[in-house]
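**Student:** The following file, protein21.tsv, comprises TSV, C-alpha atoms and all ligand atoms:
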chain	number	residue	atom	x	y	z
T	174	MET	CA	135.53	44.40	119.52
T	175	ASN	CA	137.60	41.35	120.46
T	176	PRO	CA	140.51	42.46	122.70
T	177	MET	CA	143.16	40.68	120.62
T	178	THR	CA	142.13	42.45	117.41
T	179	ALA	CA	141.87	45.75	119.33
T	180	SER	CA	145.40	45.21	120.64
T	181	ASN	CA	146.67	44.45	117.12
T	182	LEU	CA	144.98	47.60	115.75
T	183	LYS	CA	146.66	49.66	118.48
T	184	SER	CA	150.03	48.13	117.69
T	185	ALA	CA	149.55	48.78	113.96
T	186	PHE	CA	148.46	52.37	114.74
T	187	GLY	CA	151.68	52.81	116.75
T	188	GLY	CA	153.86	51.36	113.98
T	189	GLU	CA	152.20	53.44	111.26
T	190	SER	CA	152.41	56.64	113.34
T	191	MET	CA	156.13	56.11	113.90
T	192	ALA	CA	156.75	55.22	110.24
T	193	HIS	CA	154.92	58.40	109.20
T	194	MET	CA	157.16	60.44	111.48
T	195	ARG	CA	160.49	58.89	110.63
T	196	TYR	CA	159.83	59.26	106.87
T	197	ILE	CA	159.40	63.01	107.47
T	198	SER	CA	162.79	63.13	109.23
T	199	TRP	CA	164.54	60.89	106.70
T	200	GLY	CA	163.00	62.96	103.90
T	201	GLU	CA	164.43	66.19	105.29
T	202	ALA	CA	167.83	64.50	105.56
T	203	ALA	CA	167.57	63.36	101.91
T	204	LYS	CA	166.80	66.90	100.80
T	205	LYS	CA	169.87	68.21	102.63
T	206	GLU	CA	171.96	65.44	101.07
T	207	GLY	CA	170.89	66.63	97.59
T	208	PHE	CA	168.12	64.15	96.71
T	209	PRO	CA	164.93	66.25	96.37
T	210	ASN	CA	162.96	63.48	94.65
T	211	VAL	CA	163.78	61.11	97.52
T	212	TRP	CA	162.53	63.81	99.90
T	213	ASN	CA	159.29	64.01	97.89
T	214	LEU	CA	158.95	60.20	97.87
T	215	PHE	CA	159.43	60.06	101.66
T	216	ASN	CA	156.76	62.79	102.08
T	217	ALA	CA	154.29	60.92	99.88
T	218	VAL	CA	154.80	57.60	101.65
T	219	SER	CA	154.68	59.38	105.01
T	220	TYR	CA	151.20	60.53	104.01
T	221	ALA	CA	150.24	56.97	103.01
T	222	GLU	CA	151.22	55.80	106.51
T	223	GLN	CA	148.98	58.57	107.89
T	224	VAL	CA	146.11	57.08	105.88
T	225	HIS	CA	146.82	53.66	107.44
T	226	ALA	CA	147.12	55.08	110.97
T	227	ALA	CA	143.85	57.03	110.56
T	228	ASN	CA	142.07	53.92	109.23
T	229	HIS	CA	143.20	51.83	112.22
T	230	PHE	CA	142.35	54.67	114.64
T	231	ARG	CA	138.84	54.94	113.22
T	232	GLU	CA	138.32	51.20	113.77
T	233	LEU	CA	139.22	51.77	117.44
T	234	LYS	CA	136.61	54.50	117.91
T	235	LYS	CA	134.74	52.71	120.70
T	236	GLU	CA	137.95	51.74	122.57
T	237	VAL	CA	137.96	54.94	124.64
T	238	GLY	CA	140.80	55.62	127.09
T	239	GLU	CA	144.54	55.37	127.58
T	240	ALA	CA	146.46	52.26	126.57
T	241	SER	CA	150.02	51.03	126.53
T	242	VAL	CA	151.03	50.27	122.94
T	243	THR	CA	153.96	48.12	121.83
T	244	ALA	CA	155.03	48.45	118.21
T	245	GLY	CA	158.09	47.92	116.04
T	246	ALA	CA	159.99	50.94	114.72
T	247	GLY	CA	163.22	51.71	112.88
T	248	PHE	CA	165.73	54.27	114.13
T	249	GLY	CA	168.97	55.85	112.98
T	250	MET	CA	170.01	58.76	110.78
T	251	THR	CA	173.21	57.92	108.93
T	252	ASN	CA	172.87	58.64	105.21
T	253	THR	CA	170.04	58.41	102.69
T	254	ALA	CA	171.03	55.00	101.26
T	255	GLU	CA	170.98	53.50	104.75
T	256	ASN	CA	167.79	55.34	105.71
T	257	LEU	CA	166.14	53.90	102.59
T	258	GLN	CA	167.30	50.43	103.65
T	259	GLY	CA	165.75	51.06	107.06
T	260	ALA	CA	162.50	52.01	105.32
T	261	ILE	CA	162.61	48.88	103.12
T	262	ASP	CA	163.20	46.67	106.17
T	263	GLY	CA	160.24	48.23	107.97
T	264	GLU	CA	157.92	47.84	104.98
T	265	ASN	CA	158.98	44.22	104.44
T	266	TYR	CA	158.41	43.40	108.11
T	267	GLU	CA	154.85	44.68	107.78
T	268	VAL	CA	154.28	42.75	104.53
T	269	ASP	CA	155.86	39.46	105.62
T	270	GLN	CA	155.14	39.32	109.33
T	271	MET	CA	152.94	41.91	110.97
T	272	TYR	CA	149.90	42.31	108.72
T	273	PRO	CA	149.58	38.62	107.73
T	274	ALA	CA	149.54	37.71	111.45
T	275	PHE	CA	147.03	40.47	112.34
T	276	ILE	CA	144.79	39.47	109.41
T	277	GLN	CA	144.89	35.80	110.46
T	278	VAL	CA	143.66	36.71	113.96
T	279	ALA	CA	141.05	39.16	112.67
T	280	ASN	CA	139.75	36.45	110.30
T	281	MET	CA	139.44	34.00	113.19
T	282	GLN	CA	137.60	36.63	115.24
T	283	GLU	CA	135.43	37.69	112.28
T	284	GLU	CA	136.35	41.37	112.71
T	285	LYS	CA	135.33	42.30	109.17
T	286	SER	CA	136.13	46.00	109.07
T	287	SER	CA	139.45	45.48	110.85
T	288	ILE	CA	140.43	42.88	108.25
T	289	ARG	CA	139.81	45.52	105.60
T	290	SER	CA	141.95	48.13	107.40
T	291	PHE	CA	144.82	45.63	107.75
T	292	GLN	CA	144.45	44.35	104.17
T	293	PHE	CA	144.57	47.85	102.65
T	294	ALA	CA	147.79	48.55	104.54
T	295	LEU	CA	149.39	45.19	103.64
T	296	GLU	CA	148.83	45.73	99.92
T	297	ALA	CA	149.95	49.36	100.01
T	298	GLU	CA	153.18	48.52	101.89
T	299	LYS	CA	154.20	46.33	98.94
T	300	THR	CA	154.16	49.41	96.70
T	301	HIS	CA	156.22	51.33	99.29
T	302	ALA	CA	158.88	48.61	99.53
T	303	ALA	CA	159.20	48.58	95.72
T	304	LEU	CA	159.51	52.39	95.44
T	305	PHE	CA	162.09	52.63	98.23
T	306	THR	CA	164.10	49.81	96.63
T	307	GLU	CA	164.11	51.68	93.30
T	308	ALA	CA	165.17	54.89	95.07
T	309	LYS	CA	167.94	53.13	96.96
T	310	GLY	CA	169.41	51.73	93.72
T	311	ARG	CA	169.62	55.26	92.31
T	312	VAL	CA	171.05	56.82	95.46
T	313	GLU	CA	173.78	54.17	95.62
T	314	GLN	CA	174.88	55.39	92.17
T	315	GLY	CA	174.95	58.96	93.51
T	316	LYS	CA	171.77	59.84	91.59
T	317	ASP	CA	168.39	61.14	92.75
T	318	PHE	CA	165.20	59.04	92.45
T	319	ASP	CA	164.05	59.77	88.90
T	320	GLU	CA	160.35	60.39	89.58
T	321	SER	CA	159.27	63.83	90.79
T	322	ARG	CA	155.53	63.06	91.04
T	323	VAL	CA	154.08	60.53	93.45
T	324	HIS	CA	150.36	59.84	93.99
T	325	VAL	CA	148.80	58.36	97.13
T	326	CYS	CA	145.30	56.89	97.42
T	327	ASN	CA	143.45	58.70	100.23
T	328	ILE	CA	141.48	55.57	101.10
T	329	CYS	CA	144.10	52.78	101.25
T	330	GLY	CA	147.57	54.36	100.89
T	331	TYR	CA	148.38	52.74	97.53
T	332	THR	CA	151.30	54.70	96.06
T	333	ILE	CA	152.41	55.16	92.42
T	334	THR	CA	154.59	57.45	90.35
T	335	GLY	CA	153.80	59.14	87.01
T	336	GLU	CA	152.39	62.33	85.52
T	337	THR	CA	148.76	61.60	86.38
T	338	VAL	CA	146.60	58.81	87.79
T	339	GLU	CA	144.72	57.10	84.95
T	340	ASP	CA	143.02	54.13	86.58
T	341	ASP	CA	140.96	53.35	89.66
T	342	CYS	CA	142.97	52.20	92.66
T	343	PRO	CA	143.80	48.50	92.21
T	344	ILE	CA	143.55	47.88	95.96
T	345	CYS	CA	140.37	49.71	97.04
T	346	LYS	CA	138.80	50.73	93.68
T	347	ALA	CA	138.82	54.46	94.55
T	348	LYS	CA	138.54	56.84	91.56
T	349	PRO	CA	141.66	58.71	90.30
T	350	GLU	CA	140.40	61.96	91.89
T	351	MET	CA	140.75	60.31	95.32
T	352	PHE	CA	144.55	60.36	94.97
T	353	ARG	CA	146.71	63.07	96.54
T	354	CYS	CA	149.63	64.22	94.38
T	355	PHE	CA	153.10	64.98	95.78
T	356	ASP	CA	155.34	66.93	93.40
T	357	THR	CA	158.98	67.76	94.19
T	358	ASN	CA	158.58	71.14	92.51
T	359	VAL	CA	155.21	72.11	94.03
T	360	GLN	CA	155.39	72.15	97.84
L	50	MET	CA	174.21	56.75	124.48
L	51	ASN	CA	173.11	55.05	127.71
L	52	PRO	CA	170.56	52.34	126.89
L	53	MET	CA	168.03	53.57	129.46
L	54	THR	CA	167.97	57.11	128.02
L	55	ALA	CA	167.83	55.65	124.50
L	56	SER	CA	164.86	53.51	125.53
L	57	ASN	CA	163.13	56.56	127.04
L	58	LEU	CA	163.74	58.60	123.86
L	59	LYS	CA	162.22	55.78	121.79
L	60	SER	CA	159.18	55.61	124.07
L	61	ALA	CA	158.76	59.41	123.91
L	62	PHE	CA	159.13	59.28	120.10
L	63	GLY	CA	156.36	56.64	120.01
L	64	GLY	CA	154.07	58.66	122.27
L	65	GLU	CA	154.62	61.91	120.34
L	66	SER	CA	154.09	60.17	116.97
L	67	MET	CA	150.78	58.72	118.15
L	68	ALA	CA	149.68	62.04	119.69
L	69	HIS	CA	150.48	63.79	116.40
L	70	MET	CA	148.34	61.28	114.54
L	71	ARG	CA	145.35	61.19	116.84
L	72	TYR	CA	145.14	65.01	116.91
L	73	ILE	CA	144.80	64.91	113.10
L	74	SER	CA	141.89	62.45	113.40
L	75	TRP	CA	140.24	64.27	116.31
L	76	GLY	CA	140.67	67.54	114.41
L	77	GLU	CA	138.83	66.20	111.38
L	78	ALA	CA	136.04	64.98	113.65
L	79	ALA	CA	135.83	68.46	115.26
L	80	LYS	CA	135.52	70.09	111.85
L	81	LYS	CA	132.66	67.75	110.92
L	82	GLU	CA	131.00	68.50	114.26
L	83	GLY	CA	131.02	72.24	113.43
L	84	PHE	CA	134.08	73.45	115.40
L	85	PRO	CA	136.56	74.74	112.78
L	86	ASN	CA	138.73	76.57	115.33
L	87	VAL	CA	139.08	73.36	117.34
L	88	TRP	CA	140.13	71.61	114.11
L	89	ASN	CA	142.76	74.32	113.57
L	90	LEU	CA	143.96	74.02	117.20
L	91	PHE	CA	144.31	70.23	116.84
L	92	ASN	CA	146.29	70.73	113.61
L	93	ALA	CA	148.64	73.21	115.24
L	94	VAL	CA	149.27	71.05	118.31
L	95	SER	CA	149.65	68.00	116.03
L	96	TYR	CA	152.50	69.89	114.37
L	97	ALA	CA	154.02	70.71	117.79
L	98	GLU	CA	154.06	66.96	118.57
L	99	GLN	CA	155.84	66.43	115.23
L	100	VAL	CA	158.51	68.88	116.42
L	101	HIS	CA	158.92	66.85	119.63
L	102	ALA	CA	159.02	63.52	117.78
L	103	ALA	CA	161.61	64.86	115.29
L	104	ASN	CA	163.75	66.23	118.15
L	105	HIS	CA	163.76	62.86	119.95
L	106	PHE	CA	164.39	61.00	116.66
L	107	ARG	CA	167.38	63.23	115.91
L	108	GLU	CA	168.85	62.42	119.34
L	109	LEU	CA	168.61	58.73	118.41
L	110	LYS	CA	170.55	59.14	115.18
L	111	LYS	CA	173.29	56.68	116.11
L	112	GLU	CA	170.86	54.06	117.41
L	113	VAL	CA	170.51	52.37	114.01
L	114	GLY	CA	168.14	49.43	113.55
L	115	GLU	CA	164.73	48.08	114.46
L	116	ALA	CA	163.42	48.28	118.02
L	117	SER	CA	160.31	47.38	119.93
L	118	VAL	CA	158.80	50.53	121.41
L	119	THR	CA	156.27	50.72	124.25
L	120	ALA	CA	154.46	54.02	124.68
L	121	GLY	CA	151.21	55.36	126.13
L	122	ALA	CA	148.45	56.50	123.78
L	123	GLY	CA	144.85	57.62	123.97
L	124	PHE	CA	142.11	56.10	121.82
L	125	GLY	CA	138.43	56.63	121.12
L	126	MET	CA	136.33	58.85	118.86
L	127	THR	CA	133.12	59.82	120.60
L	128	ASN	CA	132.54	63.57	120.39
L	129	THR	CA	134.75	66.64	120.43
L	130	ALA	CA	134.31	67.44	124.15
L	131	GLU	CA	135.41	63.92	125.06
L	132	ASN	CA	138.21	63.90	122.48
L	133	LEU	CA	139.49	67.16	124.03
L	134	GLN	CA	139.38	65.50	127.45
L	135	GLY	CA	141.43	62.60	126.00
L	136	ALA	CA	143.94	65.13	124.71
L	137	ILE	CA	144.11	66.92	128.09
L	138	ASP	CA	144.67	63.60	129.88
L	139	GLY	CA	147.50	62.70	127.49
L	140	GLU	CA	149.19	66.09	127.87
L	141	ASN	CA	148.90	65.98	131.66
L	142	TYR	CA	150.38	62.48	131.79
L	143	GLU	CA	153.41	63.75	129.88
L	144	VAL	CA	153.73	66.82	132.12
L	145	ASP	CA	153.19	65.07	135.47
L	146	GLN	CA	154.66	61.61	134.89
L	147	MET	CA	156.51	60.81	131.68
L	148	TYR	CA	158.84	63.72	131.03
L	149	PRO	CA	159.80	64.37	134.70
L	150	ALA	CA	160.80	60.68	135.00
L	151	PHE	CA	162.73	60.68	131.70
L	152	ILE	CA	164.51	63.94	132.65
L	153	GLN	CA	165.46	62.51	136.05
L	154	VAL	CA	167.13	59.49	134.41
L	155	ALA	CA	168.80	61.60	131.71
L	156	ASN	CA	170.17	63.90	134.44
L	157	MET	CA	171.62	60.93	136.31
L	158	GLN	CA	173.17	59.63	133.07
L	159	GLU	CA	174.41	63.10	132.07
L	160	GLU	CA	172.78	62.86	128.63
L	161	LYS	CA	172.82	66.63	128.06
L	162	SER	CA	171.19	66.92	124.65
L	163	SER	CA	168.50	64.37	125.55
L	164	ILE	CA	167.65	66.39	128.67
L	165	ARG	CA	167.11	69.38	126.38
L	166	SER	CA	164.83	67.43	124.01
L	167	PHE	CA	162.73	66.17	126.95
L	168	GLN	CA	162.67	69.59	128.66
L	169	PHE	CA	161.44	71.39	125.53
L	170	ALA	CA	158.59	68.88	125.21
L	171	LEU	CA	157.67	69.05	128.91
L	172	GLU	CA	157.32	72.85	128.84
L	173	ALA	CA	155.43	72.87	125.54
L	174	GLU	CA	152.94	70.23	126.72
L	175	LYS	CA	151.87	72.62	129.49
L	176	THR	CA	150.75	75.13	126.85
L	177	HIS	CA	148.88	72.35	125.01
L	178	ALA	CA	147.02	71.22	128.14
L	179	ALA	CA	145.95	74.83	128.82
L	180	LEU	CA	144.73	75.43	125.24
L	181	PHE	CA	142.78	72.15	125.09
L	182	THR	CA	141.20	72.96	128.47
L	183	GLU	CA	140.09	76.36	127.17
L	184	ALA	CA	138.69	74.75	124.01
L	185	LYS	CA	136.83	72.10	125.98
L	186	GLY	CA	135.12	74.77	128.12
L	187	ARG	CA	133.82	76.45	124.98
L	188	VAL	CA	132.72	73.23	123.27
L	189	GLU	CA	130.77	72.16	126.37
L	190	GLN	CA	128.75	75.38	125.93
L	191	GLY	CA	128.13	74.45	122.29
L	192	LYS	CA	130.58	77.12	121.09
L	193	ASP	CA	133.72	76.92	118.97
L	194	PHE	CA	137.18	77.71	120.40
L	195	ASP	CA	137.41	81.49	120.01
L	196	GLU	CA	140.92	81.74	118.57
L	197	SER	CA	141.39	81.19	114.83
L	198	ARG	CA	145.18	81.72	114.78
L	199	VAL	CA	147.63	79.44	116.57
L	200	HIS	CA	151.44	79.71	116.41
L	201	VAL	CA	153.89	76.87	117.06
L	202	CYS	CA	157.62	77.23	117.72
L	203	ASN	CA	159.54	75.12	115.18
L	204	ILE	CA	162.29	74.40	117.67
L	205	CYS	CA	160.48	73.37	120.86
L	206	GLY	CA	156.75	73.09	120.08
L	207	TYR	CA	155.66	75.98	122.34
L	208	THR	CA	152.14	76.94	121.25
L	209	ILE	CA	150.25	80.26	121.58
L	210	THR	CA	147.22	82.01	120.12
L	211	GLY	CA	146.94	85.59	118.85
L	212	GLU	CA	147.23	87.70	115.70
L	213	THR	CA	151.03	87.62	115.55
L	214	VAL	CA	154.02	86.45	117.59
L	215	GLU	CA	155.63	89.45	119.30
L	216	ASP	CA	158.25	87.95	121.58
L	217	ASP	CA	161.02	85.36	121.46
L	218	CYS	CA	159.96	81.86	122.51
L	219	PRO	CA	159.92	81.73	126.33
L	220	ILE	CA	161.06	78.09	126.30
L	221	CYS	CA	163.88	77.97	123.74
L	222	LYS	CA	164.48	81.69	122.95
L	223	ALA	CA	163.77	81.24	119.22
L	224	LYS	CA	162.90	84.44	117.31
L	225	PRO	CA	159.25	85.15	116.32
L	226	GLU	CA	160.05	84.23	112.67
L	227	MET	CA	160.76	80.65	113.82
L	228	PHE	CA	157.06	80.14	114.58
L	229	ARG	CA	154.69	78.41	112.16
L	230	CYS	CA	151.21	79.95	111.95
L	231	PHE	CA	148.01	77.87	111.71
L	232	ASP	CA	144.96	79.86	110.64
L	233	THR	CA	141.46	78.36	110.45
L	234	ASN	CA	140.74	80.43	107.34
L	235	VAL	CA	144.01	79.83	105.48
L	236	GLN	CA	144.60	76.10	104.94
O	1	FE	FE	151.53	51.70	106.43
O	2	FE	FE	154.42	51.71	104.07
O	3	FE	FE	143.11	52.81	97.25
O	4	FE	FE	154.70	66.53	122.62
O	5	FE	FE	151.45	68.15	123.55
O	6	FE	FE	160.62	77.46	121.26
In structure tokens, write the structure found in this file.

**Tutor:**
Amino acid sequence: MNPMTASNLKSAFGGESMAHMRYISWGEAAKKEGFPNVWNLFNAVSYAEQVHAANHFRELKKEVGEASVTAGAGFGMTNTAENLQGAIDGENYEVDQMYPAFIQVANMQEEKSSIRSFQFALEAEKTHAALFTEAKGRVEQGKDFDESRVHVCNICGYTITGETVEDDCPICKAKPEMFRCFDTNVQ
Amino acid sequence: MNPMTASNLKSAFGGESMAHMRYISWGEAAKKEGFPNVWNLFNAVSYAEQVHAANHFRELKKEVGEASVTAGAGFGMTNTAENLQGAIDGENYEVDQMYPAFIQVANMQEEKSSIRSFQFALEAEKTHAALFTEAKGRVEQGKDFDESRVHVCNICGYTITGETVEDDCPICKAKPEMFRCFDTNVQ
């Protein structure tokens, strides 16, 4: 694999791993603050970031050994509205800056399967930014996020709300049974 | 908080988040390779790294905003014996290099609660290195790790095998009921 694409995969793996972890912490804080559906949303999106991290890691399978990884990450634990804003900022950075740049380089280097791993994440992050924005609007009115069921595609991390998944994944075409369901009342 | 200790906490958070994630991937590979107890061990230790990451993240609660984080991480997916060696190398790096250095600086800067977060991780990593070394010895003989139950302290990430937890945590003094149990046959 071209070293520049390998370095970008490592950076994306680092960013996704840290996003996964901070959504778990911010989710627990949301639950304590009295927003169980925000907690459930954070858990679901945390899992989607795990899907992205695992996809990037798998691409790096032949890059054996230790490496120094530099990646962007958000910090801070103030209150749920601000944590949601931190999450939105992180998602938007990935959508507007990080993944478009990594895809551009991977295209130039013709790293086909890496392009796919980056592209899946880019498209899924858009759904995360939208869901967190919706949740933040509710929390700012003192209300919980109004969806208690969130579904995550196991293949690409695409994330939607609703009772059930009716259609194939619009990003990766996976069947509805490939989605993992997160329910506020069943955990 | 002193910027140097904050920077070290961020780096440790990055390293723990990536360790958490790669143990999930290496665990799935071990299961496919026919080592279900190694899969369970990777899952348990992955959870212990989540405890460390969440502890460091909590220390950083007032450090609101985006940051660039540089952290060490292991890569590669060859076979389970080699993945276990990658895990051992990562744990030993934390025990011998990373955490002693971070604790030294935190001591100098009198960052009491950060010292505690680093110290818990340092001591727990020693148990991880020992368990992975045991598992690797078995796998090299073509056998599975012989323990199907692994217990992780929720407070400090201390990790032990056995039917039940009898004693308080030797690192943080938590009661046996503060441990989370990972069982190969119950997941
Ligand atoms: Fe992601
Ligand atoms: Fe995302
Ligand atoms: Fe998908
Ligand atoms: Fe750790
Ligand atoms: Fe560890
Ligand atoms: Fe403990």

**Student:** Edge lengths and centre in Å to one decimal, as JSON, is what I'm after for the box along x, y and z that holds all listed atoms of range 250-263 of chain T once 4 Å is added on each side.

**Tutor:**
{"center_x": 166.7, "center_y": 52.7, "center_z": 106.0, "size_x": 21.0, "size_y": 20.1, "size_z": 17.5}

**Student:** May I ask you to write as a list of chain:residue names all residues lying at most 7 Å from ligand FE 2 (chain O), with only C-alpha atoms and all ligand atoms counted?

**Tutor:**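 After applying the 7 Å limit, what remains is T:Val218, T:Ala221, T:Glu222, T:Glu264, T:Ala297, T:Glu298, T:His301.
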
**Student:** Put those residues in a file: C-alpha atoms, as a PDB file, in the coordinates of the input.

**Tutor:**
ATOM      1  CA  VAL T 218     154.800  57.600 101.650  1.00  0.00           C
ATOM      2  CA  ALA T 221     150.240  56.970 103.010  1.00  0.00           C
ATOM      3  CA  GLU T 222     151.220  55.800 106.510  1.00  0.00           C
ATOM      4  CA  GLU T 264     157.920  47.840 104.980  1.00  0.00           C
ATOM      5  CA  ALA T 297     149.950  49.360 100.010  1.00  0.00           C
ATOM      6  CA  GLU T 298     153.180  48.520 101.890  1.00  0.00           C
ATOM      7  CA  HIS T 301     156.220  51.330  99.290  1.00  0.00           C
TER       8      HIS T 301
END

**Student:** Would you name the residues within 9 Å of ligand FE 5 (chain O), counting all atoms listed in the file, and put them as a list in words?

**Tutor:**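 Within the 9 Å cut-off, the matching residues are Glu65, Ala68, His69, Val94, Ser95, Ala97, Glu98, His101, Ala136, Ile137, Gly139, Glu140, Asn141, Glu143, Val144, Ala170, Leu171, Ala173, Glu174, Lys175, Thr176, His177, Ala178, Gly206 and Tyr207 of chain L.
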
**Student:** Please write out the residues within 7 Å of ligand FE 6 (chain O) as a ChimeraX atom specification, counting all atoms listed in the file.

**Tutor:** /L:202-207,218-223

**Student:** Show which residues sit within 6 Å of range 322-324 of chain T, as a VMD selection string. Count all atoms listed in the file, and ignore same-chain residues fewer than 3 positions away.

**Tutor:** chain T and resid 332 to 335 352 to 356

**Student:** Residues of chain L no more than 9 Å from chain T, counting only C-alpha atoms: send them over as a ChimeraX atom specification.

**Tutor:** /L:59,62-71,73-74,99,102-103,106-107,109-127,135,138-139

**Student:** Based on the selection just made, write C-alpha atoms of those residues as a short mmCIF file (atom, residue, chain, number, x, y, z; two decimals), keeping the file's coordinate frame.

**Tutor:**
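So the final result, stored in out06.cif, reads:
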data_model
loop_
_atom_site.label_atom_id
_atom_site.label_comp_id
_atom_site.auth_asym_id
_atom_site.auth_seq_id
_atom_site.Cartn_x
_atom_site.Cartn_y
_atom_site.Cartn_z
CA LYS L 59 162.22 55.78 121.79
CA PHE L 62 159.13 59.28 120.10
CA GLY L 63 156.36 56.64 120.01
CA GLY L 64 154.07 58.66 122.27
CA GLU L 65 154.62 61.91 120.34
CA SER L 66 154.09 60.17 116.97
CA MET L 67 150.78 58.72 118.15
CA ALA L 68 149.68 62.04 119.69
CA HIS L 69 150.48 63.79 116.40
CA MET L 70 148.34 61.28 114.54
CA ARG L 71 145.35 61.19 116.84
CA ILE L 73 144.80 64.91 113.10
CA SER L 74 141.89 62.45 113.40
CA GLN L 99 155.84 66.43 115.23
CA ALA L 102 159.02 63.52 117.78
CA ALA L 103 161.61 64.86 115.29
CA PHE L 106 164.39 61.00 116.66
CA ARG L 107 167.38 63.23 115.91
CA LEU L 109 168.61 58.73 118.41
CA LYS L 110 170.55 59.14 115.18
CA LYS L 111 173.29 56.68 116.11
CA GLU L 112 170.86 54.06 117.41
CA VAL L 113 170.51 52.37 114.01
CA GLY L 114 168.14 49.43 113.55
CA GLU L 115 164.73 48.08 114.46
CA ALA L 116 163.42 48.28 118.02
CA SER L 117 160.31 47.38 119.93
CA VAL L 118 158.80 50.53 121.41
CA THR L 119 156.27 50.72 124.25
CA ALA L 120 154.46 54.02 124.68
CA GLY L 121 151.21 55.36 126.13
CA ALA L 122 148.45 56.50 123.78
CA GLY L 123 144.85 57.62 123.97
CA PHE L 124 142.11 56.10 121.82
CA GLY L 125 138.43 56.63 121.12
CA MET L 126 136.33 58.85 118.86
CA THR L 127 133.12 59.82 120.60
CA GLY L 135 141.43 62.60 126.00
CA ASP L 138 144.67 63.60 129.88
CA GLY L 139 147.50 62.70 127.49
#

**Student:** Nearest residue to Gly315 in chain T out of T:Gly200, T:Pro273, T:Pro176, T:Gly207, using only C-alpha atoms?

**Tutor:**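 Smallest separation from Gly315 in chain T among the options: T:Gly207.
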
**Student:** Which value, in Å to one decimal, gives the distance between CA of Asp317 in chain T and CA of Asp341 in chain T?

**Tutor:**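 CA of Asp341 in chain T lies at a distance of 28.7 Å from CA of Asp317 in chain T.
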
**Student:** Please indicate the distance in Å from atom FE of ligand FE 1 (chain O) to CA of Ala202 in chain T, rounded to one decimal place.

**Tutor:** 20.7 Å

**Student:** Mind giving me the straight-line distance from CA of Glu284 in chain T to CA of Met174 in chain T in Å, one decimal?

**Tutor:**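 Value for the CA of Glu284 in chain T-CA of Met174 in chain T distance: 7.5 Å.
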
**Student:** Got a sec: who's within 8 Å of His105 in chain L, counting all atoms listed in the file, leaving out chain neighbours fewer than 5 positions off, as a VMD selection string?

**Tutor:** chain L and resid 58 to 59 61 to 62 163 166 to 167

**Student:** Would you please work out which residue, of T:Ser321, T:Thr306, T:Gln292, T:Gln314, is nearest to ligand FE 3 (chain O) when using all atoms listed in the file?

**Tutor:** T:Gln292

**Student:** I need every residue sitting at most 10 Å from the point (137.3, 78.7, 111.2) (coordinates as in the file, all atoms listed in the file considered), written as an NGL selection string.

**Tutor:** :L and (80 or 83-89 or 193-198 or 232-236)

**Student:** Smallest atom-to-atom distance to ligand FE 1 (chain O): which of T:Asn216, T:Ser286, T:Ala254, T:Tyr272, using only C-alpha atoms and all ligand atoms?

**Tutor:**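 Residue with the minimum atom-to-atom distance to ligand FE 1 (chain O): T:Tyr272.
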
**Student:** For Ala150 in chain L, which residue out of L:Thr213, L:Asn57, L:Asn51, L:Lys185 is the nearest one, using all atoms listed in the file?

**Tutor:** L:Asn57

**Student:** Identify which of the residues L:Glu212, L:Glu172, L:Glu189, L:Glu183 lies closest to ligand FE 4 (chain O), counting only C-alpha atoms and all ligand atoms when measuring atom-to-atom distances.

**Tutor:** L:Glu172

**Student:** So which one's closest to ligand FE 3 (chain O), T:Leu214, T:Arg289, T:Val312, T:Ala303? Using only C-alpha atoms and all ligand atoms, please.

**Tutor:**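 Ranking T:Leu214, T:Arg289, T:Val312, T:Ala303 by distance to ligand FE 3 (chain O), first place goes to T:Arg289.
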
**Student:** Could range 126-134 of chain L be completed with N, CA and C atoms and written as a PDB file, in the frame of the given file, please?

**Tutor:**
ATOM      1  N   MET L 126     136.877  57.743 119.652  1.00  0.00           N
ATOM      2  CA  MET L 126     136.330  58.850 118.860  1.00  0.00           C
ATOM      3  C   MET L 126     134.857  58.914 119.208  1.00  0.00           C
ATOM      4  N   THR L 127     134.519  59.712 120.206  1.00  0.00           N
ATOM      5  CA  THR L 127     133.120  59.820 120.600  1.00  0.00           C
ATOM      6  C   THR L 127     132.584  61.157 120.117  1.00  0.00           C
ATOM      7  N   ASN L 128     132.902  62.226 120.856  1.00  0.00           N
ATOM      8  CA  ASN L 128     132.540  63.570 120.390  1.00  0.00           C
ATOM      9  C   ASN L 128     133.669  64.508 120.777  1.00  0.00           C
ATOM     10  N   THR L 129     133.604  65.741 120.289  1.00  0.00           N
ATOM     11  CA  THR L 129     134.750  66.640 120.430  1.00  0.00           C
ATOM     12  C   THR L 129     135.059  66.973 121.885  1.00  0.00           C
ATOM     13  N   ALA L 130     134.043  67.146 122.731  1.00  0.00           N
ATOM     14  CA  ALA L 130     134.310  67.440 124.150  1.00  0.00           C
ATOM     15  C   ALA L 130     135.100  66.292 124.773  1.00  0.00           C
ATOM     16  N   GLU L 131     134.695  65.068 124.476  1.00  0.00           N
ATOM     17  CA  GLU L 131     135.410  63.920 125.060  1.00  0.00           C
ATOM     18  C   GLU L 131     136.784  63.730 124.432  1.00  0.00           C
ATOM     19  N   ASN L 132     136.893  63.997 123.124  1.00  0.00           N
ATOM     20  CA  ASN L 132     138.210  63.900 122.480  1.00  0.00           C
ATOM     21  C   ASN L 132     139.176  64.922 123.097  1.00  0.00           C
ATOM     22  N   LEU L 133     138.655  66.132 123.384  1.00  0.00           N
ATOM     23  CA  LEU L 133     139.490  67.160 124.030  1.00  0.00           C
ATOM     24  C   LEU L 133     139.920  66.690 125.422  1.00  0.00           C
ATOM     25  N   GLN L 134     139.000  66.021 126.139  1.00  0.00           N
ATOM     26  CA  GLN L 134     139.380  65.500 127.450  1.00  0.00           C
ATOM     27  C   GLN L 134     140.485  64.436 127.297  1.00  0.00           C
TER      28      GLN L 134
END
